[in-house]
Structures are given as structure tokens and as C-alpha cells.
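Asks: This is the structure I have questions about; it appears just below.
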Amino acid sequence: MKPVIIHSQAKVELDKAIAFYEKQRAGLGLDLQTAVEGAIGRIQQHPQLGAPYKSIDVRQYVIRRFPYMIFYAELEEAIWIVAVAHGKRKPEYWSRRRMG
């Protein structure tokens, strides 16, 4: 299995979403974190699992139960998580992100 690299801004996005849901109901943020971690594990095992996103070398994976998607790219040496994005907000804001 390839290692997973999470873009620093994707990590911030996830942390903010977890905090938001935790304020809505205790434990809900943890549920989101668990759902995202499970999705990343499935992506790591089967990198072609997500649907191709437009004509760029990025795939999208929809998180079950929450309105979030993971955008990722399979690189030669790793799987790069580009964004953990809300499905209804600011489409493609993450598209200029680069490794690092």
C-alpha cells in the first residue's frame, strides 16, 4: 500500500469540520473523523475507488453520512489528499494546491 500524504490545508479543513459538528452535537465530530479515516483507508487500499474528477488527475470520494468529499491523486509513490471539501461550497477552490 502506498502511504497517504494529506495537504496541510486539507487537514485544517477537516479539523474545522470536526469542530463544527462537535458543536452541533457531542460525538458528531468524532463520527465525521471516523468516517473520513475509514474513507482514506479504503482509498489507500483501492486508489481507483473514487470517481475521476473532470479531466484532471484527481479523484473524488464521497463521505457517507456527511456532505463532504475527499479529493485525492494517486502519485507514483503516495496517495495525496488534496482537499476534504464540503460538497456544496466553493467548488474547486482547492484546484491550485500543490504538494507540500
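Chain labels follow the order of the C-alpha cells: the first chain is A, the next B, and so on; residue numbering restarts at 1 in every chain, and ligands are counted from 1 in their shown order.
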Any idea what's packed within 8 Å of range 78-87 of chain A, counting only C-alpha atoms, ignoring anything in its chain fewer than 6 positions away? Could you give it as a tab-separated table (two decimals) with all heavy atoms, in the first residue's frame?
Replies:
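Writing done, so here's part_34.tsv:
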chain	number	residue	atom	x	y	z
A	2	LYS	N	0.41	2.22	-0.72
A	2	LYS	CA	1.12	3.49	-0.77
A	2	LYS	C	0.79	4.32	0.48
A	2	LYS	O	-0.33	4.28	0.97
A	2	LYS	CB	0.70	4.29	-2.01
A	2	LYS	CG	1.13	3.64	-3.30
A	2	LYS	CD	0.70	4.49	-4.48
A	2	LYS	CE	1.11	3.82	-5.78
A	2	LYS	NZ	0.72	4.61	-6.95
A	3	PRO	N	1.77	5.08	0.96
A	3	PRO	CA	1.48	5.97	2.09
A	3	PRO	C	0.55	7.10	1.64
A	3	PRO	O	0.46	7.42	0.46
A	3	PRO	CB	2.86	6.52	2.48
A	3	PRO	CG	3.69	6.37	1.26
A	3	PRO	CD	3.16	5.16	0.52
A	4	VAL	N	-0.14	7.67	2.60
A	4	VAL	CA	-1.06	8.78	2.34
A	4	VAL	C	-0.43	10.07	2.85
A	4	VAL	O	0.06	10.14	3.98
A	4	VAL	CB	-2.42	8.55	3.04
A	4	VAL	CG1	-3.32	9.77	2.91
A	4	VAL	CG2	-3.10	7.33	2.46
A	5	ILE	N	-0.44	11.09	2.00
A	5	ILE	CA	0.04	12.41	2.36
A	5	ILE	C	-1.18	13.34	2.32
A	5	ILE	O	-1.87	13.41	1.31
A	5	ILE	CB	1.11	12.91	1.38
A	5	ILE	CG1	2.30	11.97	1.39
A	5	ILE	CG2	1.53	14.34	1.71
A	5	ILE	CD1	3.28	12.21	0.25
A	6	ILE	N	-1.42	14.04	3.42
A	6	ILE	CA	-2.57	14.94	3.49
A	6	ILE	C	-2.06	16.37	3.42
A	6	ILE	O	-1.23	16.78	4.24
A	6	ILE	CB	-3.38	14.70	4.78
A	6	ILE	CG1	-3.86	13.25	4.83
A	6	ILE	CG2	-4.55	15.68	4.86
A	6	ILE	CD1	-4.57	12.87	6.11
A	7	HIS	N	-2.56	17.11	2.45
A	7	HIS	CA	-2.17	18.52	2.30
A	7	HIS	C	-2.49	19.24	3.61
A	7	HIS	O	-3.53	18.98	4.24
A	7	HIS	CB	-2.94	19.15	1.13
A	7	HIS	CG	-2.42	20.47	0.72
A	7	HIS	ND1	-2.68	21.61	1.42
A	7	HIS	CD2	-1.65	20.84	-0.33
A	7	HIS	CE1	-2.10	22.64	0.84
A	7	HIS	NE2	-1.46	22.19	-0.24
A	9	GLN	N	-3.61	22.16	4.22
A	9	GLN	CA	-4.90	22.85	4.21
A	9	GLN	C	-6.07	21.87	4.28
A	9	GLN	O	-7.12	22.18	4.82
A	9	GLN	CB	-5.00	23.76	2.99
A	9	GLN	CG	-4.05	24.94	3.10
A	9	GLN	CD	-4.08	25.83	1.87
A	9	GLN	OE1	-4.43	25.39	0.78
A	9	GLN	NE2	-3.72	27.08	2.05
A	10	ALA	N	-5.89	20.68	3.74
A	10	ALA	CA	-6.93	19.65	3.85
A	10	ALA	C	-7.10	19.24	5.31
A	10	ALA	O	-8.22	19.01	5.79
A	10	ALA	CB	-6.59	18.44	2.99
A	11	LYS	N	-5.99	19.15	6.03
A	11	LYS	CA	-6.04	18.82	7.46
A	11	LYS	C	-6.78	19.91	8.23
A	11	LYS	O	-7.62	19.62	9.09
A	11	LYS	CB	-4.61	18.63	7.99
A	11	LYS	CG	-4.52	18.37	9.46
A	11	LYS	CD	-5.09	17.02	9.83
A	11	LYS	CE	-4.82	16.74	11.30
A	11	LYS	NZ	-5.98	16.19	11.98
A	13	GLU	N	-9.05	21.94	7.00
A	13	GLU	CA	-10.46	21.81	6.62
A	13	GLU	C	-11.16	20.74	7.45
A	13	GLU	O	-12.26	20.95	7.95
A	13	GLU	CB	-10.58	21.43	5.14
A	13	GLU	CG	-10.16	22.51	4.20
A	13	GLU	CD	-9.85	22.00	2.80
A	13	GLU	OE1	-9.87	20.79	2.55
A	13	GLU	OE2	-9.60	22.87	1.96
A	14	LEU	N	-10.51	19.62	7.58
A	14	LEU	CA	-11.09	18.51	8.34
A	14	LEU	C	-11.23	18.89	9.81
A	14	LEU	O	-12.28	18.66	10.41
A	14	LEU	CB	-10.25	17.25	8.19
A	14	LEU	CG	-10.73	16.04	8.99
A	14	LEU	CD1	-12.17	15.68	8.64
A	14	LEU	CD2	-9.79	14.87	8.77
A	44	GLN	N	-6.72	4.15	0.28
A	44	GLN	CA	-5.34	3.64	0.33
A	44	GLN	C	-5.29	2.20	-0.19
A	44	GLN	O	-4.37	1.83	-0.91
A	44	GLN	CB	-4.81	3.72	1.76
A	44	GLN	CG	-3.34	3.40	1.87
A	44	GLN	CD	-2.83	3.56	3.29
A	44	GLN	OE1	-3.58	3.43	4.27
A	44	GLN	NE2	-1.56	3.84	3.43
A	47	PRO	N	-6.90	2.64	-4.65
A	47	PRO	CA	-6.80	4.03	-5.12
A	47	PRO	C	-7.74	4.39	-6.28
A	47	PRO	O	-8.07	5.56	-6.44
A	47	PRO	CB	-5.34	4.15	-5.56
A	47	PRO	CG	-4.63	3.10	-4.79
A	47	PRO	CD	-5.61	1.98	-4.65
A	67	PRO	N	-21.86	15.66	4.22
A	67	PRO	CA	-21.79	16.28	2.89
A	67	PRO	C	-20.37	16.69	2.49
A	67	PRO	O	-20.13	17.80	2.03
A	67	PRO	CB	-22.70	17.51	3.04
A	67	PRO	CG	-22.52	17.91	4.47
A	67	PRO	CD	-22.38	16.60	5.22
A	68	TYR	N	-19.43	15.80	2.69
A	68	TYR	CA	-18.02	16.09	2.38
A	68	TYR	C	-17.48	15.10	1.37
A	68	TYR	O	-17.94	13.96	1.28
A	68	TYR	CB	-17.17	16.03	3.66
A	68	TYR	CG	-17.33	17.28	4.48
A	68	TYR	CD1	-18.38	17.42	5.37
A	68	TYR	CD2	-16.45	18.34	4.35
A	68	TYR	CE1	-18.55	18.57	6.11
A	68	TYR	CE2	-16.61	19.50	5.08
A	68	TYR	CZ	-17.67	19.61	5.95
A	68	TYR	OH	-17.84	20.76	6.66
A	69	MET	N	-16.50	15.59	0.63
A	69	MET	CA	-15.81	14.75	-0.34
A	69	MET	C	-14.31	14.85	-0.11
A	69	MET	O	-13.81	15.91	0.30
A	69	MET	CB	-16.13	15.20	-1.76
A	69	MET	CG	-17.59	15.00	-2.13
A	69	MET	SD	-17.93	15.44	-3.83
A	69	MET	CE	-17.92	17.21	-3.71
A	70	ILE	N	-13.65	13.77	-0.39
A	70	ILE	CA	-12.18	13.76	-0.37
A	70	ILE	C	-11.73	13.83	-1.83
A	70	ILE	O	-12.15	13.02	-2.64
A	70	ILE	CB	-11.64	12.49	0.29
A	70	ILE	CG1	-12.08	12.43	1.76
A	70	ILE	CG2	-10.12	12.44	0.18
A	70	ILE	CD1	-11.72	11.13	2.45
A	71	PHE	N	-10.90	14.81	-2.12
A	71	PHE	CA	-10.30	14.91	-3.45
A	71	PHE	C	-8.86	14.46	-3.30
A	71	PHE	O	-8.14	14.94	-2.41
A	71	PHE	CB	-10.37	16.35	-3.97
A	71	PHE	CG	-11.77	16.77	-4.30
A	71	PHE	CD1	-12.56	17.42	-3.37
A	71	PHE	CD2	-12.31	16.50	-5.55
A	71	PHE	CE1	-13.86	17.80	-3.67
A	71	PHE	CE2	-13.61	16.86	-5.87
A	71	PHE	CZ	-14.38	17.52	-4.92
A	72	TYR	N	-8.44	13.53	-4.15
A	72	TYR	CA	-7.11	12.95	-4.00
A	72	TYR	C	-6.51	12.58	-5.35
A	72	TYR	O	-7.21	12.45	-6.35
A	72	TYR	CB	-7.15	11.73	-3.08
A	72	TYR	CG	-7.88	10.54	-3.66
A	72	TYR	CD1	-7.18	9.52	-4.30
A	72	TYR	CD2	-9.26	10.42	-3.58
A	72	TYR	CE1	-7.85	8.42	-4.83
A	72	TYR	CE2	-9.93	9.34	-4.10
A	72	TYR	CZ	-9.22	8.34	-4.73
A	72	TYR	OH	-9.87	7.25	-5.25
A	94	TRP	N	-9.83	24.32	-4.18
A	94	TRP	CA	-8.61	23.60	-3.86
A	94	TRP	C	-7.76	23.29	-5.10
A	94	TRP	O	-6.64	22.80	-4.98
A	94	TRP	CB	-8.97	22.27	-3.18
A	94	TRP	CG	-10.03	21.54	-3.94
A	94	TRP	CD1	-11.36	21.58	-3.72
A	94	TRP	CD2	-9.86	20.71	-5.10
A	94	TRP	NE1	-12.04	20.82	-4.66
A	94	TRP	CE2	-11.13	20.27	-5.52
A	94	TRP	CE3	-8.75	20.29	-5.83
A	94	TRP	CZ2	-11.32	19.45	-6.62
A	94	TRP	CZ3	-8.95	19.47	-6.92
A	94	TRP	CH2	-10.22	19.07	-7.30
A	97	ARG	N	-3.88	23.86	-5.44
A	97	ARG	CA	-2.98	23.33	-4.42
A	97	ARG	C	-1.90	22.46	-5.04
A	97	ARG	O	-2.14	21.73	-5.98
A	97	ARG	CB	-3.75	22.53	-3.37
A	97	ARG	CG	-4.62	23.40	-2.53
A	97	ARG	CD	-5.26	22.63	-1.42
A	97	ARG	NE	-6.14	23.52	-0.66
A	97	ARG	CZ	-7.01	23.12	0.22
A	97	ARG	NH1	-7.13	21.82	0.49
A	97	ARG	NH2	-7.77	23.98	0.85
A	99	MET	N	1.65	19.90	-3.98
A	99	MET	CA	2.26	19.09	-2.92
A	99	MET	C	3.03	19.99	-1.96
A	99	MET	O	3.70	20.91	-2.39
A	99	MET	CB	3.23	18.05	-3.51
A	99	MET	CG	2.56	16.85	-4.10
A	99	MET	SD	1.82	15.77	-2.86
A	99	MET	CE	3.26	15.17	-2.03
Asks: Would you list the contacts of range 33-42 of chain A as a ChimeraX atom specification, taking every protein, DNA or RNA residue within 8 Å and counting only C-alpha atoms, but skipping same-chain residues closer than 6 positions in sequence?
Replies: /A:14,18,49,61,63-64
Asks: With all heavy atoms retained, write the just-selected residues as a PDB file, in the first residue's frame.
Replies:
ATOM      1  N   LEU A  14     -10.509  19.616   7.579  1.00  0.00           N
ATOM      2  CA  LEU A  14     -11.089  18.514   8.340  1.00  0.00           C
ATOM      3  C   LEU A  14     -11.235  18.895   9.806  1.00  0.00           C
ATOM      4  O   LEU A  14     -12.280  18.665  10.413  1.00  0.00           O
ATOM      5  CB  LEU A  14     -10.250  17.247   8.189  1.00  0.00           C
ATOM      6  CG  LEU A  14     -10.727  16.041   8.992  1.00  0.00           C
ATOM      7  CD1 LEU A  14     -12.170  15.679   8.638  1.00  0.00           C
ATOM      8  CD2 LEU A  14      -9.789  14.870   8.774  1.00  0.00           C
ATOM      9  N   ILE A  18     -14.738  18.975  11.836  1.00  0.00           N
ATOM     10  CA  ILE A  18     -14.922  18.177  13.057  1.00  0.00           C
ATOM     11  C   ILE A  18     -15.386  19.070  14.196  1.00  0.00           C
ATOM     12  O   ILE A  18     -16.337  18.733  14.914  1.00  0.00           O
ATOM     13  CB  ILE A  18     -13.620  17.428  13.415  1.00  0.00           C
ATOM     14  CG1 ILE A  18     -13.353  16.312  12.402  1.00  0.00           C
ATOM     15  CG2 ILE A  18     -13.681  16.872  14.832  1.00  0.00           C
ATOM     16  CD1 ILE A  18     -11.965  15.700  12.504  1.00  0.00           C
ATOM     17  N   LEU A  49     -10.809   3.660  -6.415  1.00  0.00           N
ATOM     18  CA  LEU A  49     -12.163   3.607  -5.878  1.00  0.00           C
ATOM     19  C   LEU A  49     -12.957   4.885  -6.143  1.00  0.00           C
ATOM     20  O   LEU A  49     -14.127   4.833  -6.508  1.00  0.00           O
ATOM     21  CB  LEU A  49     -12.092   3.344  -4.377  1.00  0.00           C
ATOM     22  CG  LEU A  49     -13.380   3.023  -3.643  1.00  0.00           C
ATOM     23  CD1 LEU A  49     -14.013   1.764  -4.204  1.00  0.00           C
ATOM     24  CD2 LEU A  49     -13.083   2.836  -2.167  1.00  0.00           C
ATOM     25  N   TYR A  61     -14.064  11.143  -3.654  1.00  0.00           N
ATOM     26  CA  TYR A  61     -14.696  10.086  -2.883  1.00  0.00           C
ATOM     27  C   TYR A  61     -15.686  10.748  -1.931  1.00  0.00           C
ATOM     28  O   TYR A  61     -15.308  11.620  -1.145  1.00  0.00           O
ATOM     29  CB  TYR A  61     -13.637   9.303  -2.101  1.00  0.00           C
ATOM     30  CG  TYR A  61     -14.195   8.120  -1.355  1.00  0.00           C
ATOM     31  CD1 TYR A  61     -14.216   6.868  -1.939  1.00  0.00           C
ATOM     32  CD2 TYR A  61     -14.704   8.257  -0.073  1.00  0.00           C
ATOM     33  CE1 TYR A  61     -14.735   5.780  -1.263  1.00  0.00           C
ATOM     34  CE2 TYR A  61     -15.229   7.172   0.620  1.00  0.00           C
ATOM     35  CZ  TYR A  61     -15.239   5.937   0.016  1.00  0.00           C
ATOM     36  OH  TYR A  61     -15.759   4.859   0.684  1.00  0.00           O
ATOM     37  N   ILE A  63     -18.005  11.080   1.224  1.00  0.00           N
ATOM     38  CA  ILE A  63     -18.059  10.553   2.590  1.00  0.00           C
ATOM     39  C   ILE A  63     -19.502  10.161   2.900  1.00  0.00           C
ATOM     40  O   ILE A  63     -20.426  10.954   2.703  1.00  0.00           O
ATOM     41  CB  ILE A  63     -17.599  11.629   3.606  1.00  0.00           C
ATOM     42  CG1 ILE A  63     -16.190  12.128   3.274  1.00  0.00           C
ATOM     43  CG2 ILE A  63     -17.684  11.100   5.032  1.00  0.00           C
ATOM     44  CD1 ILE A  63     -15.126  11.087   3.377  1.00  0.00           C
ATOM     45  N   ARG A  64     -19.691   8.993   3.395  1.00  0.00           N
ATOM     46  CA  ARG A  64     -21.032   8.543   3.779  1.00  0.00           C
ATOM     47  C   ARG A  64     -21.502   9.341   4.993  1.00  0.00           C
ATOM     48  O   ARG A  64     -20.719   9.634   5.889  1.00  0.00           O
ATOM     49  CB  ARG A  64     -21.008   7.058   4.145  1.00  0.00           C
ATOM     50  CG  ARG A  64     -20.670   6.176   2.975  1.00  0.00           C
ATOM     51  CD  ARG A  64     -20.652   4.728   3.386  1.00  0.00           C
ATOM     52  NE  ARG A  64     -20.039   3.955   2.327  1.00  0.00           N
ATOM     53  CZ  ARG A  64     -19.325   2.864   2.521  1.00  0.00           C
ATOM     54  NH1 ARG A  64     -19.123   2.419   3.731  1.00  0.00           N
ATOM     55  NH2 ARG A  64     -18.809   2.230   1.495  1.00  0.00           N
TER      56      ARG A  64
END
Asks: Find the residues near Ala51 in chain A: any atom within 8 Å, counting only C-alpha atoms, skip ones fewer than 3 places away on the same chain, and give them as a PDB file with all heavy atoms, in the first residue's frame.
Replies:
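The result, stored in part_31.pdb:
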ATOM      1  N   GLN A  48      -8.193   3.433  -7.033  1.00  0.00           N
ATOM      2  CA  GLN A  48      -9.092   3.715  -8.149  1.00  0.00           C
ATOM      3  C   GLN A  48     -10.557   3.767  -7.714  1.00  0.00           C
ATOM      4  O   GLN A  48     -11.455   3.928  -8.539  1.00  0.00           O
ATOM      5  CB  GLN A  48      -8.916   2.654  -9.245  1.00  0.00           C
ATOM      6  CG  GLN A  48      -7.510   2.561  -9.794  1.00  0.00           C
ATOM      7  CD  GLN A  48      -7.064   3.860 -10.444  1.00  0.00           C
ATOM      8  OE1 GLN A  48      -7.741   4.387 -11.309  1.00  0.00           O
ATOM      9  NE2 GLN A  48      -5.928   4.383 -10.025  1.00  0.00           N
ATOM     10  N   ARG A  59      -9.272  12.355  -8.172  1.00  0.00           N
ATOM     11  CA  ARG A  59     -10.484  11.566  -7.968  1.00  0.00           C
ATOM     12  C   ARG A  59     -11.240  12.138  -6.781  1.00  0.00           C
ATOM     13  O   ARG A  59     -10.657  12.797  -5.924  1.00  0.00           O
ATOM     14  CB  ARG A  59     -10.136  10.101  -7.702  1.00  0.00           C
ATOM     15  CG  ARG A  59      -9.572   9.422  -8.931  1.00  0.00           C
ATOM     16  CD  ARG A  59      -9.272   7.942  -8.659  1.00  0.00           C
ATOM     17  NE  ARG A  59      -8.958   7.285  -9.892  1.00  0.00           N
ATOM     18  CZ  ARG A  59      -9.853   6.741 -10.709  1.00  0.00           C
ATOM     19  NH1 ARG A  59     -11.123   6.749 -10.400  1.00  0.00           N
ATOM     20  NH2 ARG A  59      -9.471   6.177 -11.834  1.00  0.00           N
ATOM     21  N   GLN A  60     -12.521  11.848  -6.742  1.00  0.00           N
ATOM     22  CA  GLN A  60     -13.339  12.291  -5.613  1.00  0.00           C
ATOM     23  C   GLN A  60     -14.004  11.096  -4.959  1.00  0.00           C
ATOM     24  O   GLN A  60     -14.426  10.161  -5.640  1.00  0.00           O
ATOM     25  CB  GLN A  60     -14.379  13.306  -6.060  1.00  0.00           C
ATOM     26  CG  GLN A  60     -15.404  12.774  -7.029  1.00  0.00           C
ATOM     27  CD  GLN A  60     -16.386  13.844  -7.483  1.00  0.00           C
ATOM     28  OE1 GLN A  60     -16.436  14.926  -6.925  1.00  0.00           O
ATOM     29  NE2 GLN A  60     -17.158  13.543  -8.500  1.00  0.00           N
ATOM     30  N   TYR A  61     -14.064  11.143  -3.654  1.00  0.00           N
ATOM     31  CA  TYR A  61     -14.696  10.086  -2.883  1.00  0.00           C
ATOM     32  C   TYR A  61     -15.686  10.748  -1.931  1.00  0.00           C
ATOM     33  O   TYR A  61     -15.308  11.620  -1.145  1.00  0.00           O
ATOM     34  CB  TYR A  61     -13.637   9.303  -2.101  1.00  0.00           C
ATOM     35  CG  TYR A  61     -14.195   8.120  -1.355  1.00  0.00           C
ATOM     36  CD1 TYR A  61     -14.216   6.868  -1.939  1.00  0.00           C
ATOM     37  CD2 TYR A  61     -14.704   8.257  -0.073  1.00  0.00           C
ATOM     38  CE1 TYR A  61     -14.735   5.780  -1.263  1.00  0.00           C
ATOM     39  CE2 TYR A  61     -15.229   7.172   0.620  1.00  0.00           C
ATOM     40  CZ  TYR A  61     -15.239   5.937   0.016  1.00  0.00           C
ATOM     41  OH  TYR A  61     -15.759   4.859   0.684  1.00  0.00           O
TER      42      TYR A  61
END
Asks: Within range 26-69 of chain A, find each residue whose DSSP state, derived from the backbone, is helix (DSSP H, G or I), and express the selection as a ChimeraX atom specification.
Replies: /A:28-45
Asks: Keeping C-alpha atoms for every residue in the selection just given, could you write it to a file as a PDB file, in the first residue's frame?
Replies:
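Ended up saving to part_36.pdb:
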ATOM      1  CA  LEU A  28     -20.808  14.001  15.901  1.00  0.00           C
ATOM      2  CA  GLY A  29     -17.394  15.488  15.145  1.00  0.00           C
ATOM      3  CA  LEU A  30     -15.812  12.182  16.142  1.00  0.00           C
ATOM      4  CA  ASP A  31     -18.237  10.422  13.801  1.00  0.00           C
ATOM      5  CA  LEU A  32     -17.026  12.625  10.930  1.00  0.00           C
ATOM      6  CA  GLN A  33     -13.401  11.947  11.817  1.00  0.00           C
ATOM      7  CA  THR A  34     -14.070   8.199  11.877  1.00  0.00           C
ATOM      8  CA  ALA A  35     -15.880   8.380   8.523  1.00  0.00           C
ATOM      9  CA  VAL A  36     -13.007  10.289   6.911  1.00  0.00           C
ATOM     10  CA  GLU A  37     -10.363   7.970   8.349  1.00  0.00           C
ATOM     11  CA  GLY A  38     -12.307   4.965   7.071  1.00  0.00           C
ATOM     12  CA  ALA A  39     -12.643   6.527   3.631  1.00  0.00           C
ATOM     13  CA  ILE A  40      -8.918   7.277   3.498  1.00  0.00           C
ATOM     14  CA  GLY A  41      -8.212   3.666   4.453  1.00  0.00           C
ATOM     15  CA  ARG A  42     -10.423   2.415   1.629  1.00  0.00           C
ATOM     16  CA  ILE A  43      -8.772   4.828  -0.801  1.00  0.00           C
ATOM     17  CA  GLN A  44      -5.343   3.637   0.331  1.00  0.00           C
ATOM     18  CA  GLN A  45      -6.310   0.009  -0.309  1.00  0.00           C
TER      19      GLN A  45
END
Asks: So that I can check the secondary structure, give me every residue of range 60-100 of chain A assigned strand (DSSP E) by backbone DSSP, as a ChimeraX atom specification.
Replies: /A:60-62,68-74,79-86
Asks: Write a file of the selected residues as a PDB file, in the first residue's frame, keeping C-alpha atoms.
Replies:
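Done, and the output landed in part_4.pdb:
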ATOM      1  CA  GLN A  60     -13.339  12.291  -5.613  1.00  0.00           C
ATOM      2  CA  TYR A  61     -14.696  10.086  -2.883  1.00  0.00           C
ATOM      3  CA  VAL A  62     -17.980  10.950  -1.185  1.00  0.00           C
ATOM      4  CA  TYR A  68     -18.024  16.086   2.381  1.00  0.00           C
ATOM      5  CA  MET A  69     -15.813  14.748  -0.341  1.00  0.00           C
ATOM      6  CA  ILE A  70     -12.183  13.764  -0.375  1.00  0.00           C
ATOM      7  CA  PHE A  71     -10.300  14.913  -3.447  1.00  0.00           C
ATOM      8  CA  TYR A  72      -7.109  12.949  -3.999  1.00  0.00           C
ATOM      9  CA  ALA A  73      -4.491  11.990  -6.530  1.00  0.00           C
ATOM     10  CA  GLU A  74      -2.637   8.724  -6.839  1.00  0.00           C
ATOM     11  CA  ILE A  79      -1.685   8.992  -2.379  1.00  0.00           C
ATOM     12  CA  TRP A  80      -2.065  12.731  -1.977  1.00  0.00           C
ATOM     13  CA  ILE A  81      -5.192  14.055  -0.260  1.00  0.00           C
ATOM     14  CA  VAL A  82      -5.725  17.447  -1.874  1.00  0.00           C
ATOM     15  CA  ALA A  83      -8.865  18.514  -0.009  1.00  0.00           C
ATOM     16  CA  VAL A  84     -11.581  17.458   2.392  1.00  0.00           C
ATOM     17  CA  ALA A  85     -14.261  19.698   0.946  1.00  0.00           C
ATOM     18  CA  HIS A  86     -17.913  20.382   1.673  1.00  0.00           C
TER      19      HIS A  86
END
